[in-house]
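Enquirer: Quick one, input.txt (compact mmCIF, C-alpha atoms and all ligand atoms):
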```txt
# COMPACT_ATOMS: atom_id res chain seq x y z
CA MET A 3 0.00 0.00 0.00
CA ARG A 4 0.98 3.64 -0.30
CA ALA A 5 1.29 5.78 2.80
CA TRP A 6 2.18 9.40 3.50
CA VAL A 7 4.83 9.81 6.21
CA VAL A 8 6.14 12.89 8.02
CA GLU A 9 9.72 12.99 6.76
CA HIS A 10 10.98 16.19 8.42
CA PRO A 11 8.48 18.55 10.07
CA ALA A 12 8.58 21.86 8.17
CA PRO A 13 6.23 24.54 6.81
CA ILE A 14 3.65 22.79 4.65
CA ASP A 15 4.68 24.62 1.50
CA ASP A 16 8.11 22.95 1.85
CA GLY A 17 6.50 19.52 1.52
CA PRO A 18 7.22 17.81 4.87
CA LEU A 19 5.22 14.69 3.96
CA ARG A 20 6.46 12.00 1.59
CA LEU A 21 4.52 9.25 -0.17
CA VAL A 22 6.13 5.83 0.37
CA GLU A 23 5.33 2.21 -0.42
CA ARG A 24 4.77 0.00 2.64
CA ALA A 25 3.49 -3.50 3.33
CA ASP A 26 -0.07 -3.69 4.70
CA PRO A 27 0.03 -3.75 8.51
CA GLU A 28 -0.91 -7.00 10.28
CA PRO A 29 -3.71 -6.86 12.85
CA GLY A 30 -2.35 -7.79 16.29
CA PRO A 31 -4.32 -9.10 19.27
CA GLY A 32 -7.62 -7.24 19.61
CA GLN A 33 -7.01 -5.24 16.44
CA VAL A 34 -8.79 -4.95 13.13
CA LEU A 35 -7.21 -4.33 9.74
CA VAL A 36 -9.08 -1.48 8.06
CA ARG A 37 -9.06 -0.94 4.30
CA ILE A 38 -9.31 2.84 4.15
CA SER A 39 -11.95 4.46 1.97
CA CYS A 40 -11.24 8.02 3.03
CA CYS A 41 -9.62 10.10 5.75
CA GLY A 42 -10.54 13.59 6.89
CA VAL A 43 -7.89 16.30 7.12
CA CYS A 44 -7.64 17.81 10.60
CA ARG A 45 -5.66 20.86 11.66
CA THR A 46 -3.74 18.58 14.05
CA ASP A 47 -2.29 16.85 10.96
CA LEU A 48 -0.97 20.24 9.92
CA HIS A 49 0.51 20.88 13.39
CA LEU A 50 2.27 17.50 13.18
CA ALA A 51 3.53 18.09 9.64
CA GLU A 52 4.83 21.52 10.55
CA GLY A 53 6.33 20.52 13.91
CA ASP A 54 4.08 22.59 16.23
CA LEU A 55 3.44 19.25 17.96
CA ARG A 56 6.56 17.23 18.64
CA PRO A 57 6.74 13.97 16.67
CA LYS A 58 6.39 10.89 18.87
CA ARG A 59 7.68 8.54 16.19
CA PRO A 60 9.81 9.13 13.11
CA ARG A 61 8.02 8.79 9.77
CA VAL A 62 4.56 8.41 11.25
CA THR A 63 1.55 8.38 8.96
CA VAL A 64 -0.84 11.14 10.07
CA GLY A 65 -4.63 11.13 9.78
CA HIS A 66 -7.24 10.30 12.41
CA GLU A 67 -10.64 10.69 10.76
CA ILE A 68 -10.57 7.33 9.04
CA VAL A 69 -13.53 5.64 7.36
CA GLY A 70 -13.05 2.17 5.98
CA THR A 71 -14.13 -1.43 6.07
CA VAL A 72 -12.84 -4.20 8.27
CA GLU A 73 -10.77 -6.55 6.13
CA ALA A 74 -9.36 -8.90 8.76
CA THR A 75 -9.37 -9.33 12.51
CA GLY A 76 -6.47 -10.14 14.81
CA PRO A 77 -6.39 -12.78 17.54
CA GLY A 78 -9.21 -12.29 20.06
CA ALA A 79 -10.90 -9.48 18.09
CA SER A 80 -14.61 -10.31 17.86
CA ARG A 81 -16.54 -7.03 17.83
CA PHE A 82 -16.57 -6.71 14.03
CA THR A 83 -16.61 -8.99 11.04
CA ALA A 84 -15.06 -8.52 7.63
CA GLY A 85 -16.98 -5.98 5.57
CA ASP A 86 -18.24 -3.86 8.50
CA ARG A 87 -17.92 -0.11 7.94
CA ILE A 88 -16.16 1.60 10.86
CA GLY A 89 -14.54 4.87 11.84
CA VAL A 90 -11.09 5.14 13.42
CA PRO A 91 -10.70 8.29 15.56
CA TRP A 92 -7.94 10.26 17.32
CA LEU A 93 -8.00 8.33 20.61
CA ALA A 94 -6.23 5.06 19.77
CA SER A 95 -5.87 3.61 23.28
CA THR A 96 -5.71 4.36 26.98
CA ASP A 97 -4.15 2.34 29.81
CA GLY A 98 -7.49 1.86 31.58
CA THR A 99 -5.73 1.83 34.94
CA CYS A 100 -4.49 5.36 35.77
CA LYS A 101 -6.45 7.53 38.19
CA PHE A 102 -8.09 9.45 35.35
CA CYS A 103 -9.24 6.34 33.50
CA ARG A 104 -10.57 4.91 36.77
CA ARG A 105 -12.74 7.97 37.33
CA GLY A 106 -14.14 7.93 33.79
CA ALA A 107 -11.93 10.69 32.38
CA GLU A 108 -9.99 8.61 29.87
CA ASN A 109 -9.45 11.74 27.77
CA LEU A 110 -6.91 12.72 30.46
CA CYS A 111 -5.22 9.28 30.56
CA LEU A 112 -1.57 9.40 31.61
CA ASN A 113 -0.56 6.81 28.99
CA PRO A 114 -2.73 7.32 25.93
CA THR A 115 -1.86 6.71 22.30
CA PHE A 116 -3.27 8.71 19.40
CA THR A 117 -3.95 7.73 15.81
CA GLY A 118 -1.59 9.45 13.42
CA TRP A 119 0.79 10.53 16.21
CA ASP A 120 1.79 7.39 18.18
CA VAL A 121 0.37 4.86 15.73
CA ASP A 122 0.10 5.09 11.96
CA GLY A 123 -3.04 6.79 10.75
CA GLY A 124 -5.22 7.24 7.72
CA TYR A 125 -3.20 8.98 4.98
CA ALA A 126 -2.64 5.48 3.60
CA GLY A 127 -4.33 2.51 1.98
CA ALA A 128 -4.88 0.60 5.21
CA CYS A 129 -4.29 0.77 8.96
CA VAL A 130 -4.79 -1.31 12.07
CA ALA A 131 -6.78 -0.20 15.11
CA ASP A 132 -7.76 -1.51 18.53
CA GLU A 133 -11.36 -2.64 18.03
CA ARG A 134 -12.40 -1.16 21.41
CA TYR A 135 -11.62 2.39 20.25
CA VAL A 136 -13.36 2.49 16.86
CA TYR A 137 -16.96 3.40 16.05
CA ARG A 138 -19.82 2.23 13.93
CA LEU A 139 -20.99 5.12 11.74
CA PRO A 140 -24.45 6.59 10.99
CA ASP A 141 -25.88 4.91 7.87
CA ALA A 142 -27.29 8.21 6.60
CA LEU A 143 -23.83 9.61 5.82
CA ASP A 144 -21.58 8.39 3.04
CA ASP A 145 -17.88 7.87 3.75
CA GLU A 146 -16.79 11.39 2.77
CA HIS A 147 -19.40 13.07 4.96
CA ALA A 148 -18.86 10.70 7.90
CA ALA A 149 -15.08 11.19 8.08
CA PRO A 150 -15.06 14.74 9.57
CA LEU A 151 -17.35 13.62 12.38
CA LEU A 152 -14.56 11.46 13.81
CA CYS A 153 -12.36 14.24 15.19
CA ALA A 154 -13.76 17.61 14.14
CA GLY A 155 -17.22 16.48 15.17
CA ILE A 156 -16.39 14.65 18.39
CA ILE A 157 -13.96 17.26 19.73
CA GLY A 158 -16.37 20.06 18.82
CA TYR A 159 -19.11 18.23 20.71
CA ARG A 160 -16.92 17.91 23.80
CA ALA A 161 -16.07 21.62 23.49
CA LEU A 162 -19.78 22.43 23.28
CA LYS A 163 -20.38 20.51 26.50
CA ARG A 164 -17.40 22.26 28.14
CA ALA A 165 -18.82 25.68 27.15
CA GLU A 166 -21.89 24.87 29.32
CA VAL A 167 -24.43 26.96 27.43
CA PRO A 168 -27.87 26.56 29.04
CA PRO A 169 -30.84 25.41 26.91
CA GLY A 170 -31.85 28.21 24.56
CA GLY A 171 -28.72 30.17 25.49
CA ARG A 172 -26.24 32.15 23.42
CA LEU A 173 -23.10 30.50 22.04
CA GLY A 174 -20.15 32.30 20.45
CA ILE A 175 -17.96 30.44 17.96
CA TYR A 176 -14.52 31.87 17.19
CA GLY A 177 -13.01 30.47 14.00
CA PHE A 178 -15.19 28.59 11.55
CA GLY A 179 -13.37 25.59 10.08
CA GLY A 180 -13.98 21.85 10.02
CA SER A 181 -14.87 21.44 13.67
CA ALA A 182 -16.78 24.69 14.15
CA HIS A 183 -19.11 24.23 11.19
CA ILE A 184 -20.21 20.83 12.54
CA THR A 185 -20.57 22.08 16.12
CA ALA A 186 -22.64 25.05 14.91
CA GLN A 187 -25.11 22.64 13.29
CA VAL A 188 -25.48 20.71 16.55
CA ALA A 189 -25.93 23.90 18.59
CA LEU A 190 -28.49 25.43 16.21
CA ARG A 191 -30.52 22.23 16.00
CA GLN A 192 -30.52 22.03 19.79
CA GLY A 193 -32.07 25.50 19.89
CA LEU A 194 -29.11 27.67 20.88
CA ARG A 195 -28.53 31.13 19.42
CA VAL A 196 -25.20 30.99 17.62
CA HIS A 197 -22.90 33.94 16.87
CA VAL A 198 -19.89 33.28 14.64
CA MET A 199 -16.74 35.40 14.63
CA THR A 200 -14.28 34.36 11.93
CA ARG A 201 -11.90 35.60 9.29
CA GLY A 202 -12.38 34.57 5.67
CA GLU A 203 -15.28 35.49 3.40
CA GLY A 204 -15.93 31.82 2.58
CA ASN A 205 -16.17 30.86 6.25
CA ARG A 206 -18.56 33.73 6.98
CA LYS A 207 -20.71 32.74 4.02
CA LEU A 208 -20.88 29.11 5.19
CA ALA A 209 -21.80 30.21 8.73
CA ALA A 210 -24.65 32.31 7.35
CA GLU A 211 -25.85 29.46 5.11
CA LEU A 212 -25.92 27.10 8.08
CA GLY A 213 -28.21 29.51 9.92
CA ALA A 214 -25.96 31.36 12.37
CA ASP A 215 -27.84 34.18 14.13
CA SER A 216 -25.01 36.60 13.39
CA VAL A 217 -21.70 36.46 11.58
CA GLY A 218 -18.83 38.88 12.13
CA ASP A 219 -15.10 39.35 11.76
CA ALA A 220 -12.69 37.36 13.98
CA THR A 221 -12.44 40.00 16.71
CA ALA A 222 -15.93 41.51 16.34
CA MET A 223 -18.17 41.88 19.40
CA PRO A 224 -21.26 39.68 19.06
CA PRO A 225 -24.62 41.52 19.12
CA GLU A 226 -25.49 40.11 22.56
CA PRO A 227 -23.47 38.82 25.55
CA LEU A 228 -22.55 35.13 25.34
CA ASP A 229 -23.44 32.43 27.88
CA GLY A 230 -20.60 30.36 26.50
CA ALA A 231 -18.08 30.42 23.69
CA ILE A 232 -15.73 28.05 21.91
CA LEU A 233 -12.38 29.13 20.48
CA PHE A 234 -11.65 26.91 17.47
CA ALA A 235 -9.05 29.13 15.79
CA PRO A 236 -5.51 28.30 17.05
CA ALA A 237 -5.04 31.98 17.87
CA GLY A 238 -4.34 32.95 21.49
CA GLU A 239 -4.88 36.62 20.67
CA LEU A 240 -8.60 35.87 20.34
CA VAL A 241 -8.89 34.86 24.02
CA PRO A 242 -9.20 38.45 25.38
CA PRO A 243 -11.96 39.54 22.95
CA ALA A 244 -13.78 36.24 23.47
CA MET A 245 -13.64 36.66 27.28
CA GLN A 246 -14.92 40.24 26.97
CA ALA A 247 -17.87 38.98 24.92
CA LEU A 248 -18.98 36.63 27.72
CA ASP A 249 -21.91 37.48 29.94
CA ARG A 250 -21.51 37.23 33.74
CA GLY A 251 -20.72 33.61 34.65
CA GLY A 252 -19.96 32.69 31.03
CA THR A 253 -17.41 30.10 29.98
CA LEU A 254 -14.88 30.05 27.14
CA ALA A 255 -13.76 26.57 26.02
CA ILE A 256 -10.58 26.36 23.94
CA ALA A 257 -11.02 23.44 21.54
CA GLY A 258 -7.62 23.16 19.85
CA ILE A 259 -4.73 20.87 20.74
CA TRP A 260 -2.35 23.76 19.99
CA LEU A 261 -2.80 27.48 20.61
CA SER A 262 -0.45 30.40 20.09
CA ASP A 263 0.39 32.25 23.31
CA ILE A 264 -2.41 34.12 25.03
CA PRO A 265 -1.65 37.83 25.58
CA SER A 266 -1.94 39.19 29.11
CA LEU A 267 -5.52 39.36 30.32
CA SER A 268 -7.10 42.23 32.20
CA TYR A 269 -8.73 40.73 35.28
CA ALA A 270 -11.53 43.28 35.25
CA ASP A 271 -12.23 43.10 31.52
CA ALA A 272 -11.74 39.38 30.99
CA LEU A 273 -12.26 37.33 34.15
CA PHE A 274 -14.09 39.10 36.97
CA THR A 275 -17.85 38.41 37.28
CA GLU A 276 -17.06 34.71 37.39
CA ARG A 277 -16.19 34.25 33.76
CA GLN A 278 -13.94 31.28 33.16
CA VAL A 279 -11.65 29.91 30.51
CA ARG A 280 -10.93 26.20 30.12
CA SER A 281 -9.29 23.83 27.68
CA VAL A 282 -10.62 20.75 25.91
CA THR A 283 -8.33 17.74 25.87
CA ALA A 284 -9.10 14.83 23.53
CA ASN A 285 -12.34 12.98 24.28
CA THR A 286 -13.72 9.89 25.90
CA ARG A 287 -15.24 7.05 23.90
CA LEU A 288 -18.54 7.98 25.50
CA ASP A 289 -18.26 11.49 23.98
CA GLY A 290 -17.77 9.82 20.60
CA GLU A 291 -20.74 7.45 20.91
CA GLU A 292 -23.00 10.27 22.21
CA PHE A 293 -21.97 12.60 19.42
CA LEU A 294 -22.36 10.10 16.56
CA ALA A 295 -25.86 9.18 17.78
CA LEU A 296 -26.76 12.87 18.15
CA ALA A 297 -25.33 13.75 14.72
CA ALA A 298 -27.48 11.04 13.13
CA ARG A 299 -30.59 12.17 15.03
CA LEU A 300 -30.09 15.87 14.21
CA GLY A 301 -29.14 15.25 10.58
CA VAL A 302 -25.73 16.91 10.89
CA ARG A 303 -23.96 16.99 7.54
CA PRO A 304 -20.42 18.34 7.13
CA THR A 305 -19.56 20.52 4.15
CA THR A 306 -16.65 18.74 2.49
CA THR A 307 -14.06 19.16 -0.26
CA GLY A 308 -12.73 15.86 -1.61
CA TYR A 309 -9.14 15.26 -2.73
CA PRO A 310 -7.50 12.11 -4.09
CA MET A 311 -5.15 10.57 -1.49
CA ASP A 312 -2.08 11.42 -3.57
CA ARG A 313 -2.92 15.13 -3.18
CA ALA A 314 -2.65 15.11 0.63
CA LEU A 315 -0.01 17.86 0.57
CA ASP A 316 -2.31 20.09 -1.48
CA ALA A 317 -5.17 19.47 0.95
CA LEU A 318 -2.96 20.42 3.92
CA ALA A 319 -1.62 23.50 2.12
CA ASP A 320 -5.17 24.56 1.24
CA LEU A 321 -6.11 24.13 4.92
CA ALA A 322 -3.11 26.20 6.03
CA HIS A 323 -3.98 29.00 3.60
CA GLY A 324 -7.74 28.91 4.18
CA ARG A 325 -8.54 27.96 0.60
CA PHE A 326 -11.67 25.92 1.38
CA SER A 327 -14.49 26.14 3.89
CA GLY A 328 -15.72 23.20 5.92
CA ALA A 329 -13.58 20.05 5.93
CA ALA A 330 -11.21 18.40 3.43
CA VAL A 331 -11.38 14.65 2.93
CA LEU A 332 -8.80 12.42 1.19
CA HIS A 333 -10.07 9.53 -0.93
CA ASN A 334 -8.41 6.27 -1.89
ZN ZN B 401 -5.37 6.04 31.88
ZN ZN B 402 -8.20 15.99 14.78
```
For this file, write the structure as structure tokens.
Ligand SMILES: [Zn+2]
Ligand SMILES: [Zn+2]
Expert:
Amino acid sequence: MRAWVVEHPAPIDDGPLRLVERADPEPGPGQVLVRISCCGVCRTDLHLAEGDLRPKRPRVTVGHEIVGTVEATGPGASRFTAGDRIGVPWLASTDGTCKFCRRGAENLCLNPTFTGWDVDGGYAGACVADERYVYRLPDALDDEHAAPLLCAGIIGYRALKRAEVPPGGRLGIYGFGGSAHITAQVALRQGLRVHVMTRGEGNRKLAAELGADSVGDATAMPPEPLDGAILFAPAGELVPPAMQALDRGGTLAIAGIWLSDIPSLSYADALFTERQVRSVTANTRLDGEEFLALAARLGVRPTTTGYPMDRALDALADLAHGRFSGAAVLHN
């Protein structure tokens, strides 16, 4: 099979990924071999390609929004049979024994592994995955439209929960890419008022098409105070304006795995009146199962741009330069 590997992390326009020929992986105990149909392109892939996140393994294959079919099962794997359609997400494994796993917070596990960072991911023809960490997918969505749910969707859903907007409340969304445009659909269909602050004409247009109550520039003040907000853009300089847009007691959840430094905050302008800022770190399998069921029930449908797998570098460059709205998906 062919697989993209991170050769030397570097700016994406310098081509840090290389396409190589590799043998199909063998499913080990408890694993399934997945023949990959398509893989979503997540901003984390870009952070790994460019070296914002330190590589955990040389020449890893990135990609953690994998849709494919089970081709073979390893010893002891019995949850799926050959031909089943599954999704392979970011969380590849946890130890199940640390204090965080024991209290049901496996997203904070002390010894986790992640698809496309610790173990080879989906910019390839096939991959293996621990059957306990993969998902069945909603039948209503084809492979291309299901792929972005697996990280962008699940992480956005966890961020929405962390933003703690009450029923019927007002949510601010800062940055409007792959994750935000899915989360906005969930929030709107749950009856929240949604205000989107983003750069990029295409992103603002998509937000308006999806029914956002208002759409403004990245640092604009929303037309009403926010009960909660989610920062999707990896831009720390947006934290102060987002905090100032919160109503008393409001919460800002930062959804990204990487954020540029946050400038100094004025206590009075940004934090007093019991506003709070919090991060979002990975997700539990329960978050994933909840979100996929909710996405199916609410009819969530990502806006996607398809690329052939051999154009992965173009897809990442287009993401870096904001050349598409919604989510990019690579096809085999
Ligand atoms: Zn653990
Ligand atoms: Zn991701």
Enquirer: Under the rule that all atoms listed in the file are counted, which of A:Leu151, A:Ala329, A:Ala220, A:Ala297 is the nearest residue to Gly179 (chain A)?
Expert: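 Looking only at the distances to Gly179 (chain A), the closest residue turns out to be A:Ala329.
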Enquirer: Please provide the set of residues having any atom within 6 Å of Ala214 (chain A), restricted to only C-alpha atoms, with same-chain residues fewer than 4 positions apart removed, written as a list in words.
Expert: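 So the residues in contact are Val196, Ala209 and Ala210 of chain A.
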Enquirer: Could you produce a table of the residues of chain A lying within 6 Å of ligand ZN 402 (chain B), with the nearest pair of atoms per residue and their separation in Å rounded to one decimal, using all atoms listed in the file, ordered by chain and increasing residue number, as JSON lines?
Expert:
```
{"residue": "A:Cys44", "atom": "CA", "partner": "B:ZN402", "partner_atom": "ZN", "distance": 4.6}
{"residue": "A:Thr46", "atom": "CA", "partner": "B:ZN402", "partner_atom": "ZN", "distance": 5.2}
{"residue": "A:Cys153", "atom": "CA", "partner": "B:ZN402", "partner_atom": "ZN", "distance": 4.5}
{"residue": "A:Ala154", "atom": "CA", "partner": "B:ZN402", "partner_atom": "ZN", "distance": 5.8}
```
Enquirer: Figure out the distance between CA of Gly158 (chain A) and CA of Met245 (chain A), please, to one decimal in Å.
Expert: 18.8 Å
Enquirer: Go through A:Gly230, A:Gly42, A:Gly127, A:Pro27 and flag the residue nearest Ala165 (chain A), using all atoms listed in the file for the distances.
Expert: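 So, comparing all the options, the nearest one is A:Gly230.
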Enquirer: Using all atoms listed in the file and a cutoff of 9 Å, can you tell me which residues are near (-25.4, 30.2, 26.8) in the file's coordinates, and write them out as a PyMOL selection string?
Expert: chain A and resi 165-174+194-195+227-231+249+252-253
Enquirer: Go ahead and dump the residues you just picked, C-alpha atoms, as a short mmCIF file (atom, residue, chain, number, x, y, z; two decimals), in the frame of the given file.
Expert:
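Writing the result to result29.cif gives the following:
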```
data_model
loop_
_atom_site.label_atom_id
_atom_site.label_comp_id
_atom_site.auth_asym_id
_atom_site.auth_seq_id
_atom_site.Cartn_x
_atom_site.Cartn_y
_atom_site.Cartn_z
CA ALA A 165 -18.82 25.68 27.15
CA GLU A 166 -21.89 24.87 29.32
CA VAL A 167 -24.43 26.96 27.43
CA PRO A 168 -27.87 26.56 29.04
CA PRO A 169 -30.84 25.41 26.91
CA GLY A 170 -31.85 28.21 24.56
CA GLY A 171 -28.72 30.17 25.49
CA ARG A 172 -26.24 32.15 23.42
CA LEU A 173 -23.10 30.50 22.04
CA GLY A 174 -20.15 32.30 20.45
CA LEU A 194 -29.11 27.67 20.88
CA ARG A 195 -28.53 31.13 19.42
CA PRO A 227 -23.47 38.82 25.55
CA LEU A 228 -22.55 35.13 25.34
CA ASP A 229 -23.44 32.43 27.88
CA GLY A 230 -20.60 30.36 26.50
CA ALA A 231 -18.08 30.42 23.69
CA ASP A 249 -21.91 37.48 29.94
CA GLY A 252 -19.96 32.69 31.03
CA THR A 253 -17.41 30.10 29.98
#
```
Enquirer: Which neighbours of region 56-71 of chain A fall inside 8 Å, counting only C-alpha atoms, when residues of the same chain fewer than 5 positions from it are skipped, and could you give them as a ChimeraX atom specification?
Expert: /A:5-9,36-44,47,50,84-92,117-126,145,148-153
Enquirer: Please check which protein, DNA or RNA residues sit within 12 Å of ligand ZN 401 (chain B), counting only C-alpha atoms and all ligand atoms, and write them as a compact mmCIF listing (two decimals) with C-alpha atoms, in the coordinates of the input.
Expert:
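Okay, this is what ended up in pocket_14.txt:
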```
# COMPACT_ATOMS: atom_id res chain seq x y z
CA LEU A 93 -8.00 8.33 20.61
CA SER A 95 -5.87 3.61 23.28
CA THR A 96 -5.71 4.36 26.98
CA ASP A 97 -4.15 2.34 29.81
CA GLY A 98 -7.49 1.86 31.58
CA THR A 99 -5.73 1.83 34.94
CA CYS A 100 -4.49 5.36 35.77
CA LYS A 101 -6.45 7.53 38.19
CA PHE A 102 -8.09 9.45 35.35
CA CYS A 103 -9.24 6.34 33.50
CA ARG A 104 -10.57 4.91 36.77
CA ARG A 105 -12.74 7.97 37.33
CA GLY A 106 -14.14 7.93 33.79
CA ALA A 107 -11.93 10.69 32.38
CA GLU A 108 -9.99 8.61 29.87
CA ASN A 109 -9.45 11.74 27.77
CA LEU A 110 -6.91 12.72 30.46
CA CYS A 111 -5.22 9.28 30.56
CA LEU A 112 -1.57 9.40 31.61
CA ASN A 113 -0.56 6.81 28.99
CA PRO A 114 -2.73 7.32 25.93
CA THR A 115 -1.86 6.71 22.30
CA THR A 286 -13.72 9.89 25.90
```
Enquirer: I'd like to know which of A:Glu52, A:Asp219, A:Asp271, A:Glu133 is closest to Asp16 (chain A), using all atoms listed in the file.
Expert: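 Selected residue with least distance to Asp16 (chain A): A:Glu52.
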Enquirer: Considering only C-alpha atoms, can you say which of A:Leu162, A:Leu294, A:Leu19, A:Met311 comes closest to Leu233 (chain A)?
Expert: A:Leu162
Enquirer: Using all atoms listed in the file, pick whichever of A:Leu267, A:Gly258, A:Leu288, A:Leu332 has the shortest atom-to-atom distance to Leu315 (chain A).
Expert: A:Leu332
Enquirer: Which one of A:Pro31, A:Gly193, A:Gly324, A:Gly308 sits closest to Glu146 (chain A) if you count all atoms listed in the file?
Expert: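 Nearest to Glu146 (chain A): A:Gly308.
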Enquirer: Can you tell me how far CA of His147 (chain A) sits from CA of Ala79 (chain A), in Å to one decimal?
Expert: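 Between CA of His147 (chain A) and CA of Ala79 (chain A) the gap is 27.4 Å.
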Enquirer: Show me, as a PyMOL selection string, the residues that have an atom within 7 Å of region 234-236 of chain A when counting all atoms listed in the file, minus same-chain residues fewer than 6 positions from it.
Expert: chain A and resi 176-177+182+256-258+260-262
Enquirer: With all atoms listed in the file counted, which protein, DNA or RNA residues have an atom no more than 6 Å from (-19.1, 13.0, 18.9) in the file frame? Please answer as a list in words.
Expert: Gly155, Ile156, Tyr159, Asp289, Gly290, Glu292, Phe293 and Leu294 of chain A
Enquirer: Kindly give the distance, in Å, that separates CA of Gly53 (chain A) and CA of Pro11 (chain A), rounded to a single decimal.
Expert: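 These atoms are spaced 4.8 Å apart.
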